[in-house]
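Trainee: Quick one, run.cif (mmCIF, C-alpha atoms):
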```
data_final
#
loop_
_atom_site.group_PDB
_atom_site.id
_atom_site.type_symbol
_atom_site.label_atom_id
_atom_site.label_comp_id
_atom_site.auth_asym_id
_atom_site.auth_seq_id
_atom_site.Cartn_x
_atom_site.Cartn_y
_atom_site.Cartn_z
ATOM 1 C CA MET T 985 0.000 0.000 0.000
ATOM 2 C CA VAL T 986 2.828 2.363 0.900
ATOM 3 C CA PHE T 987 4.591 1.454 -2.338
ATOM 4 C CA ALA T 988 1.416 2.160 -4.351
ATOM 5 C CA LYS T 989 1.014 5.531 -2.691
ATOM 6 C CA ALA T 990 4.616 6.379 -3.457
ATOM 7 C CA ILE T 991 4.146 5.494 -7.111
ATOM 8 C CA GLY T 992 0.952 7.584 -7.254
ATOM 9 C CA ALA T 993 2.685 10.563 -5.708
ATOM 10 C CA ALA T 994 5.584 10.212 -8.127
ATOM 11 C CA LEU T 995 3.249 10.062 -11.128
ATOM 12 C CA LEU T 996 1.343 13.106 -9.892
ATOM 13 C CA ALA T 997 4.552 15.046 -9.367
ATOM 14 C CA GLY T 998 5.703 14.054 -12.827
ATOM 15 C CA ALA T 999 2.448 15.167 -14.407
ATOM 16 C CA VAL T 1000 2.650 18.517 -12.649
ATOM 17 C CA ALA T 1001 6.226 18.942 -13.785
ATOM 18 C CA VAL T 1002 5.296 18.131 -17.384
ATOM 19 C CA LEU T 1003 2.383 20.567 -17.351
ATOM 20 C CA THR T 1004 4.520 23.262 -15.761
ATOM 21 C CA GLY T 1005 7.231 22.703 -18.314
ATOM 22 C CA CYS T 1006 4.765 22.902 -21.203
ATOM 23 C CA ALA T 1007 3.296 26.125 -19.870
ATOM 24 C CA ALA T 1008 6.715 27.664 -19.470
ATOM 25 C CA LYS T 1009 7.835 26.614 -22.940
ATOM 26 C CA SER T 1010 4.793 27.478 -25.069
ATOM 27 C CA PRO T 1011 6.067 27.993 -28.646
ATOM 28 C CA ILE T 1012 3.634 30.844 -29.278
ATOM 29 C CA PRO T 1013 1.792 33.390 -27.060
ATOM 30 C CA LEU T 1014 -1.383 32.091 -25.428
ATOM 31 C CA ALA T 1015 -4.670 33.619 -26.551
ATOM 32 C CA GLU T 1016 -6.790 35.658 -24.171
ATOM 33 C CA ASN T 1017 -9.819 37.886 -24.470
ATOM 34 C CA PHE T 1018 -9.740 41.640 -24.154
ATOM 35 C CA GLU T 1019 -11.579 43.231 -21.259
ATOM 36 C CA LEU T 1020 -15.342 43.470 -21.680
ATOM 37 C CA THR T 1021 -16.289 46.241 -24.110
ATOM 38 C CA VAL T 1022 -19.460 47.328 -25.890
ATOM 39 C CA GLN T 1023 -19.823 48.591 -29.439
ATOM 40 C CA PRO T 1024 -22.929 50.279 -30.908
ATOM 41 C CA LYS T 1025 -24.652 48.842 -33.950
ATOM 42 C CA VAL T 1026 -25.842 51.206 -36.693
ATOM 43 C CA ARG T 1027 -29.222 49.972 -37.904
ATOM 44 C CA SER T 1028 -31.149 53.005 -39.209
ATOM 45 C CA ALA T 1029 -30.816 56.483 -40.706
ATOM 46 C CA GLY T 1030 -31.819 57.754 -37.273
ATOM 47 C CA HIS T 1031 -28.652 56.156 -35.942
ATOM 48 C CA TRP T 1032 -26.664 58.034 -38.621
ATOM 49 C CA GLU T 1033 -28.019 61.255 -37.137
ATOM 50 C CA LEU T 1034 -26.926 60.169 -33.663
ATOM 51 C CA LEU T 1035 -23.421 59.525 -35.029
ATOM 52 C CA SER T 1036 -23.348 63.046 -36.479
ATOM 53 C CA ARG T 1037 -24.402 64.558 -33.144
ATOM 54 C CA ASP T 1038 -21.560 62.790 -31.361
ATOM 55 C CA VAL T 1039 -19.033 63.768 -34.051
ATOM 56 C CA VAL T 1040 -20.096 67.435 -34.006
ATOM 57 C CA ALA T 1041 -20.107 67.692 -30.206
ATOM 58 C CA GLN T 1042 -16.625 66.222 -29.908
ATOM 59 C CA THR T 1043 -15.278 68.145 -32.897
ATOM 60 C CA LEU T 1044 -16.428 71.526 -31.615
ATOM 61 C CA GLY T 1045 -15.134 70.690 -28.160
ATOM 62 C CA SER T 1046 -11.739 69.709 -29.565
ATOM 63 C CA LEU T 1047 -11.532 72.876 -31.675
ATOM 64 C CA ASP T 1048 -12.245 74.934 -28.583
ATOM 65 C CA LYS T 1049 -9.480 73.145 -26.671
ATOM 66 C CA ALA T 1050 -7.141 73.725 -29.621
ATOM 67 C CA GLY T 1051 -7.713 77.470 -29.242
ATOM 68 C CA MET T 1052 -9.814 78.000 -32.355
ATOM 69 C CA PRO T 1053 -11.864 81.224 -31.999
ATOM 70 C CA PRO T 1054 -15.646 80.747 -31.781
ATOM 71 C CA GLY T 1055 -17.276 81.173 -35.175
ATOM 72 C CA THR T 1056 -14.252 79.938 -37.138
ATOM 73 C CA PRO T 1057 -15.649 79.068 -40.609
ATOM 74 C CA LEU T 1058 -15.979 75.375 -41.456
ATOM 75 C CA HIS T 1059 -16.596 73.598 -44.735
ATOM 76 C CA VAL T 1060 -17.870 69.999 -44.817
ATOM 77 C CA ALA T 1061 -16.521 68.242 -47.902
ATOM 78 C CA LEU T 1062 -18.284 65.348 -49.609
ATOM 79 C CA PRO T 1063 -16.149 62.237 -50.221
ATOM 80 C CA VAL T 1064 -15.362 61.254 -53.789
ATOM 81 C CA SER T 1065 -17.893 58.786 -55.208
ATOM 82 C CA PRO T 1066 -20.049 58.946 -52.065
ATOM 83 C CA SER T 1067 -22.125 56.092 -50.714
ATOM 84 C CA SER T 1068 -25.708 56.474 -49.534
ATOM 85 C CA PHE T 1069 -24.363 56.853 -46.008
ATOM 86 C CA ASP T 1070 -21.828 59.496 -47.120
ATOM 87 C CA LEU T 1071 -24.528 61.633 -48.732
ATOM 88 C CA ALA T 1072 -26.807 61.526 -45.707
ATOM 89 C CA PHE T 1073 -24.027 61.861 -43.140
ATOM 90 C CA ARG T 1074 -22.807 65.127 -44.701
ATOM 91 C CA GLU T 1075 -26.308 66.586 -44.458
ATOM 92 C CA PHE T 1076 -26.572 65.491 -40.836
ATOM 93 C CA LEU T 1077 -23.170 67.010 -40.035
ATOM 94 C CA ILE T 1078 -24.032 70.364 -41.617
ATOM 95 C CA THR T 1079 -27.384 70.473 -39.842
ATOM 96 C CA GLN T 1080 -25.849 69.640 -36.468
ATOM 97 C CA LEU T 1081 -23.040 72.171 -36.924
ATOM 98 C CA VAL T 1082 -25.441 74.974 -37.860
ATOM 99 C CA GLN T 1083 -27.782 74.141 -34.985
ATOM 100 C CA SER T 1084 -24.774 74.169 -32.651
ATOM 101 C CA GLY T 1085 -23.962 77.735 -33.689
ATOM 102 C CA ALA T 1086 -20.989 76.943 -35.933
ATOM 103 C CA SER T 1087 -20.245 78.990 -39.043
ATOM 104 C CA VAL T 1088 -20.563 76.616 -41.992
ATOM 105 C CA GLN T 1089 -19.548 77.734 -45.481
ATOM 106 C CA GLN T 1090 -21.064 76.296 -48.645
ATOM 107 C CA ALA T 1091 -17.758 76.422 -50.526
ATOM 108 C CA PRO T 1092 -14.151 75.835 -49.470
ATOM 109 C CA GLY T 1093 -11.809 78.769 -49.140
ATOM 110 C CA GLN T 1094 -10.608 80.293 -45.898
ATOM 111 C CA ALA T 1095 -12.672 77.822 -43.883
ATOM 112 C CA LEU T 1096 -11.320 74.810 -41.995
ATOM 113 C CA ASP T 1097 -11.844 71.587 -43.939
ATOM 114 C CA VAL T 1098 -14.103 68.999 -42.309
ATOM 115 C CA THR T 1099 -13.772 65.604 -43.991
ATOM 116 C CA TYR T 1100 -14.859 62.095 -43.088
ATOM 117 C CA HIS T 1101 -13.900 58.649 -44.279
ATOM 118 C CA THR T 1102 -15.480 55.228 -43.824
ATOM 119 C CA GLN T 1103 -13.775 51.861 -44.025
ATOM 120 C CA LEU T 1104 -15.710 48.599 -43.963
ATOM 121 C CA VAL T 1105 -14.140 45.608 -42.247
ATOM 122 C CA ARG T 1106 -15.422 42.113 -42.957
ATOM 123 C CA HIS T 1107 -14.686 39.241 -40.549
ATOM 124 C CA ASN T 1108 -15.049 35.628 -41.645
ATOM 125 C CA SER T 1109 -14.836 34.191 -38.130
ATOM 126 C CA ASP T 1110 -17.901 33.321 -36.065
ATOM 127 C CA ARG T 1111 -19.495 36.105 -34.012
ATOM 128 C CA PRO T 1112 -20.554 34.558 -30.681
ATOM 129 C CA HIS T 1113 -23.617 36.217 -29.164
ATOM 130 C CA PHE T 1114 -22.435 36.816 -25.613
ATOM 131 C CA VAL T 1115 -24.860 38.438 -23.179
ATOM 132 C CA PRO T 1116 -22.592 40.433 -20.829
ATOM 133 C CA GLY T 1117 -23.278 41.102 -17.185
ATOM 134 C CA GLN T 1118 -22.133 44.691 -16.850
ATOM 135 C CA TYR T 1119 -25.482 46.066 -15.686
ATOM 136 C CA THR T 1120 -25.816 43.345 -13.079
ATOM 137 C CA MET T 1121 -22.269 43.832 -11.819
ATOM 138 C CA ILE T 1122 -22.647 47.608 -11.612
ATOM 139 C CA ALA T 1123 -25.957 47.252 -9.809
ATOM 140 C CA GLY T 1124 -24.306 45.055 -7.177
ATOM 141 C CA GLY T 1125 -23.038 48.235 -5.551
ATOM 142 C CA LEU T 1126 -26.429 49.981 -5.558
ATOM 143 C CA MET T 1127 -28.592 49.962 -2.488
ATOM 144 C CA ALA T 1128 -31.947 51.170 -3.840
ATOM 145 C CA ALA T 1129 -34.000 51.862 -6.934
ATOM 146 C CA TYR T 1130 -36.534 54.676 -7.154
ATOM 147 C CA GLY T 1131 -39.515 52.348 -7.187
ATOM 148 C CA LEU T 1132 -38.153 50.359 -4.233
ATOM 149 C CA ARG T 1133 -37.095 53.220 -1.988
ATOM 150 C CA HIS T 1134 -39.566 52.256 0.778
ATOM 151 C CA GLU T 1135 -38.661 48.561 0.776
ATOM 152 C CA HIS T 1136 -36.281 46.780 3.117
ATOM 153 C CA LEU T 1137 -32.628 46.905 2.108
ATOM 154 C CA ASP T 1138 -32.542 43.238 1.042
ATOM 155 C CA ALA T 1139 -35.632 43.677 -1.120
ATOM 156 C CA GLN T 1140 -34.160 46.822 -2.663
ATOM 157 C CA LEU T 1141 -30.946 45.094 -3.640
ATOM 158 C CA LEU T 1142 -32.681 42.041 -5.074
ATOM 159 C CA GLY T 1143 -35.068 44.280 -7.001
ATOM 160 C CA VAL T 1144 -32.247 46.333 -8.491
ATOM 161 C CA LEU T 1145 -30.339 43.214 -9.489
ATOM 162 C CA GLY T 1146 -33.455 41.778 -11.129
ATOM 163 C CA LEU T 1147 -34.127 44.948 -13.115
ATOM 164 C CA SER T 1148 -30.473 45.165 -14.101
ATOM 165 C CA ALA T 1149 -30.382 41.566 -15.284
ATOM 166 C CA ALA T 1150 -33.429 42.249 -17.460
ATOM 167 C CA ALA T 1151 -31.822 45.425 -18.859
ATOM 168 C CA ASP T 1152 -28.602 43.527 -19.438
ATOM 169 C CA TYR T 1153 -30.391 40.834 -21.441
ATOM 170 C CA GLY T 1154 -32.450 43.329 -23.432
ATOM 171 C CA ALA T 1155 -29.468 45.535 -24.284
ATOM 172 C CA SER T 1156 -27.738 42.634 -25.985
ATOM 173 C CA ILE T 1157 -30.649 40.651 -27.439
ATOM 174 C CA ASN T 1158 -32.471 43.688 -28.851
ATOM 175 C CA SER T 1159 -29.330 44.798 -30.690
ATOM 176 C CA GLY T 1160 -29.401 41.627 -32.775
ATOM 177 C CA GLY T 1161 -25.978 40.640 -31.504
ATOM 178 C CA PRO T 1162 -22.547 41.108 -33.101
ATOM 179 C CA THR T 1163 -22.212 40.880 -36.884
ATOM 180 C CA ASN T 1164 -19.413 40.096 -39.323
ATOM 181 C CA THR T 1165 -19.319 43.663 -40.647
ATOM 182 C CA GLU T 1166 -17.903 46.737 -38.936
ATOM 183 C CA MET T 1167 -17.471 50.345 -40.011
ATOM 184 C CA ILE T 1168 -14.496 52.488 -39.058
ATOM 185 C CA LEU T 1169 -15.622 56.131 -39.207
ATOM 186 C CA THR T 1170 -12.971 58.852 -39.099
ATOM 187 C CA THR T 1171 -13.748 62.579 -39.057
ATOM 188 C CA THR T 1172 -10.944 65.093 -39.589
ATOM 189 C CA VAL T 1173 -10.658 68.873 -39.337
ATOM 190 C CA SER T 1174 -7.596 70.233 -41.118
ATOM 191 C CA ARG T 1175 -6.073 73.484 -42.345
ATOM 192 C CA GLY T 1176 -3.370 73.778 -44.964
ATOM 193 C CA GLY T 1177 -2.563 70.072 -44.791
ATOM 194 C CA GLN T 1178 -2.291 70.088 -40.978
ATOM 195 C CA TYR T 1179 -4.511 67.915 -38.810
ATOM 196 C CA LEU T 1180 -6.289 69.968 -36.151
ATOM 197 C CA VAL T 1181 -8.942 67.530 -34.907
ATOM 198 C CA ARG T 1182 -9.349 63.834 -35.602
ATOM 199 C CA LYS T 1183 -11.910 61.344 -34.295
ATOM 200 C CA THR T 1184 -12.142 57.635 -35.127
ATOM 201 C CA ASP T 1185 -14.851 55.230 -33.951
ATOM 202 C CA VAL T 1186 -15.902 51.680 -34.782
ATOM 203 C CA TYR T 1187 -19.489 50.460 -35.172
ATOM 204 C CA TYR T 1188 -21.213 47.202 -36.022
ATOM 205 C CA LEU T 1189 -23.312 47.093 -39.198
ATOM 206 C CA GLU T 1190 -25.984 44.609 -40.155
ATOM 207 C CA ASN T 1191 -24.447 42.430 -42.859
ATOM 208 C CA ALA T 1192 -27.425 42.977 -45.158
ATOM 209 C CA ASP T 1193 -27.012 46.778 -44.891
ATOM 210 C CA THR T 1194 -23.470 46.743 -46.274
ATOM 211 C CA PRO T 1195 -24.460 48.169 -49.723
ATOM 212 C CA LEU T 1196 -25.599 51.422 -48.055
ATOM 213 C CA PHE T 1197 -21.999 52.076 -47.008
ATOM 214 C CA LEU T 1198 -20.251 50.995 -50.222
ATOM 215 C CA ARG T 1199 -19.169 53.595 -52.738
ATOM 216 C CA PRO T 1200 -20.652 53.058 -56.226
ATOM 217 C CA SER T 1201 -17.271 52.090 -57.674
ATOM 218 C CA TYR T 1202 -17.048 49.227 -55.171
ATOM 219 C CA ARG T 1203 -20.610 47.976 -55.218
ATOM 220 C CA ASN T 1204 -19.893 45.567 -58.042
ATOM 221 C CA VAL T 1205 -17.110 43.909 -56.089
ATOM 222 C CA ASN T 1206 -18.128 40.496 -54.841
ATOM 223 C CA MET T 1207 -18.690 41.019 -51.129
ATOM 224 C CA LYS T 1208 -20.535 38.153 -49.564
ATOM 225 C CA VAL T 1209 -23.438 39.378 -47.468
ATOM 226 C CA VAL T 1210 -24.585 36.981 -44.783
ATOM 227 C CA SER T 1211 -27.756 37.597 -42.815
ATOM 228 C CA GLN T 1212 -27.585 36.862 -39.128
#
```
Rewrite the coordinates I just gave you, this time as structure tokens.
Mentor:
Amino acid sequence: MVFAKAIGAALLAGAVAVLTGCAAKSPIPLAENFELTVQPKVRSAGHWELLSRDVVAQTLGSLDKAGMPPGTPLHVALPVSPSSFDLAFREFLITQLVQSGASVQQAPGQALDVTYHTQLVRHNSDRPHFVPGQYTMIAGGLMAAYGLRHEHLDAQLLGVLGLSAAADYGASINSGGPTNTEMILTTTVSRGGQYLVRKTDVYYLENADTPLFLRPSYRNVNMKVVSQ
């Protein structure tokens, strides 16, 4: 019996040593996930307007920080061979800039140049639909919700966690989940070839909506569209 135990211990020690050695001598870096992040999905022309609001707010704020005087003239240029998104996004940008009190010129000249560029990225790998738990985790530190303010502390906490779990599920499920197509949207303000302000964001697109973001010269290129 003692001999058997000794053999078992030796085998276990050997296995641990082998595993430790393999881990220490991995021929390539091990894969790991990034920290939990969220990424909006653009699904309607109304969402395009929301993108323009965000771009304008951050652009004007950045120009102010850069010391540009209020009322500095701006001109929003239209990309060459614009897509349906490009055409609409320019109109949204101009509208948002004017409504924000910016001076927008109809023609280039002495104005700062506002340009934007889109790049579509197509992934062939699977897009797992993961329902994250950020709302639930954040709510773990909350002690009460408005509708539960007269309840006992335990009931308040359980109620908040329940509402948060429901919001967590809805936020992911109602978005339709991740897709294989993403859009990189970059907005630039420049003067005389010098970058003054630059903003780049990434958004999910529905695979079937890809043609709305393709320039006419590229629409005939075979780009497989897969519905989720």
Trainee: Using all atoms listed in the file, which residue out of T:Leu1014, T:Ala1041, T:Leu1058, T:Leu1198 lies closest to T:Gln1094?
Mentor: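 Closest residue, counting all atoms listed in the file: T:Leu1058.
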Trainee: Find the spatial neighbours of stretch 1082-1089 of chain T, counting all atoms listed in the file, within a cut-off of 7 Å - ignore same-chain residues fewer than 5 positions away - and output them as a list in words.
Mentor: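 Within the cut-off, the hits are Gly1055, Thr1056, Pro1057, Leu1058 and His1059 of chain T.
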Trainee: Within 9 Å of T:Pro1063, counting only C-alpha atoms, which residues qualify if same-chain residues fewer than 2 places away don't, as an mmCIF file with C-alpha atoms, in the frame of the given file?
Mentor:
```cif
data_model
loop_
_atom_site.group_PDB
_atom_site.id
_atom_site.type_symbol
_atom_site.label_atom_id
_atom_site.label_comp_id
_atom_site.auth_asym_id
_atom_site.auth_seq_id
_atom_site.Cartn_x
_atom_site.Cartn_y
_atom_site.Cartn_z
ATOM 1 C CA ALA T 1061 -16.521 68.242 -47.902
ATOM 2 C CA SER T 1065 -17.893 58.786 -55.208
ATOM 3 C CA PRO T 1066 -20.049 58.946 -52.065
ATOM 4 C CA SER T 1067 -22.125 56.092 -50.714
ATOM 5 C CA ASP T 1070 -21.828 59.496 -47.120
ATOM 6 C CA LEU T 1071 -24.528 61.633 -48.732
ATOM 7 C CA THR T 1099 -13.772 65.604 -43.991
ATOM 8 C CA TYR T 1100 -14.859 62.095 -43.088
ATOM 9 C CA HIS T 1101 -13.900 58.649 -44.279
#
```
Trainee: With a distance cut-off of 7 Å and all atoms listed in the file, select the neighbouring residues of T:Asp1185, excluding the residue or stretch itself and same-chain residues fewer than 6 positions from it, and output the selection as a list in words.
Mentor: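 Final neighbour list, sorted by chain and number: Ile1168, Leu1169 and Thr1170 of chain T.
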Trainee: Pick from T:Glu1166, T:Asp1048, T:Asp1193, T:Glu1019: nearest to T:Val1105, with only C-alpha atoms counted?
Mentor: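 That would be T:Glu1166, the residue with the smallest distance to T:Val1105.
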Trainee: Suppose you want the space between atom CA of T:Phe1197 and atom CA of T:Leu1180; what is it in Å?
Mentor: 26.2 Å
Trainee: Would you please work out which residue, of T:Ala1091, T:Ile1012, T:Ala1192, T:Leu1077, is nearest to T:Leu1034 when using all atoms listed in the file?
Mentor: T:Leu1077
Trainee: Do you know which residues lie at most 10 Å from (-23.5, 55.0, -43.0), with coordinates as in the file and all atoms listed in the file counted, and could you write them as JSON, numbers by chain?
Mentor: {"T": [1026, 1027, 1028, 1029, 1031, 1032, 1033, 1035, 1067, 1068, 1069, 1070, 1071, 1072, 1073, 1102, 1167, 1169, 1187, 1189, 1193, 1194, 1195, 1196, 1197, 1198]}
Trainee: Do you have the atom CA of T:Ile1078-atom CA of T:Ser1174 distance handy?
Mentor: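 It comes out at 16.4 Å.
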Trainee: Which residue, T:Val1173, T:Gly1045, T:Thr1165, T:Gln1178, has the smallest gap to T:Lys1025 when you use all atoms listed in the file?
Mentor: T:Thr1165
Trainee: Considering only C-alpha atoms, state which residue in the set T:Val1186, T:Asn1191, T:Leu1096, T:Gln1023 is at the smallest distance from T:Met1052.
Mentor: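 Between T:Val1186, T:Asn1191, T:Leu1096, T:Gln1023, the residue approaching T:Met1052 most closely is T:Leu1096.
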Trainee: Distance atom CA of T:Leu1062-atom CA of T:Arg1074, one decimal place?
Mentor: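 That distance, rounded to one decimal, is 6.7 Å.
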Trainee: For T:Gln1090, which residue among T:Pro1112, T:Val1060, T:Gly1177, T:Arg1106 is the nearest when counting only C-alpha atoms?
Mentor: T:Val1060
Trainee: Written as a list of chain:residue names, what is the full residue list that the PyMOL selection byres ((chain T and resi 1181) around 9) yields on the file shown?
Mentor: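 So the PyMOL selection byres ((chain T and resi 1181) around 9) ends up selecting T:Thr1043, T:Ser1046, T:Leu1047, T:Ala1050, T:Thr1171, T:Thr1172, T:Val1173, T:Ser1174, T:Tyr1179, T:Leu1180, T:Arg1182, T:Lys1183.
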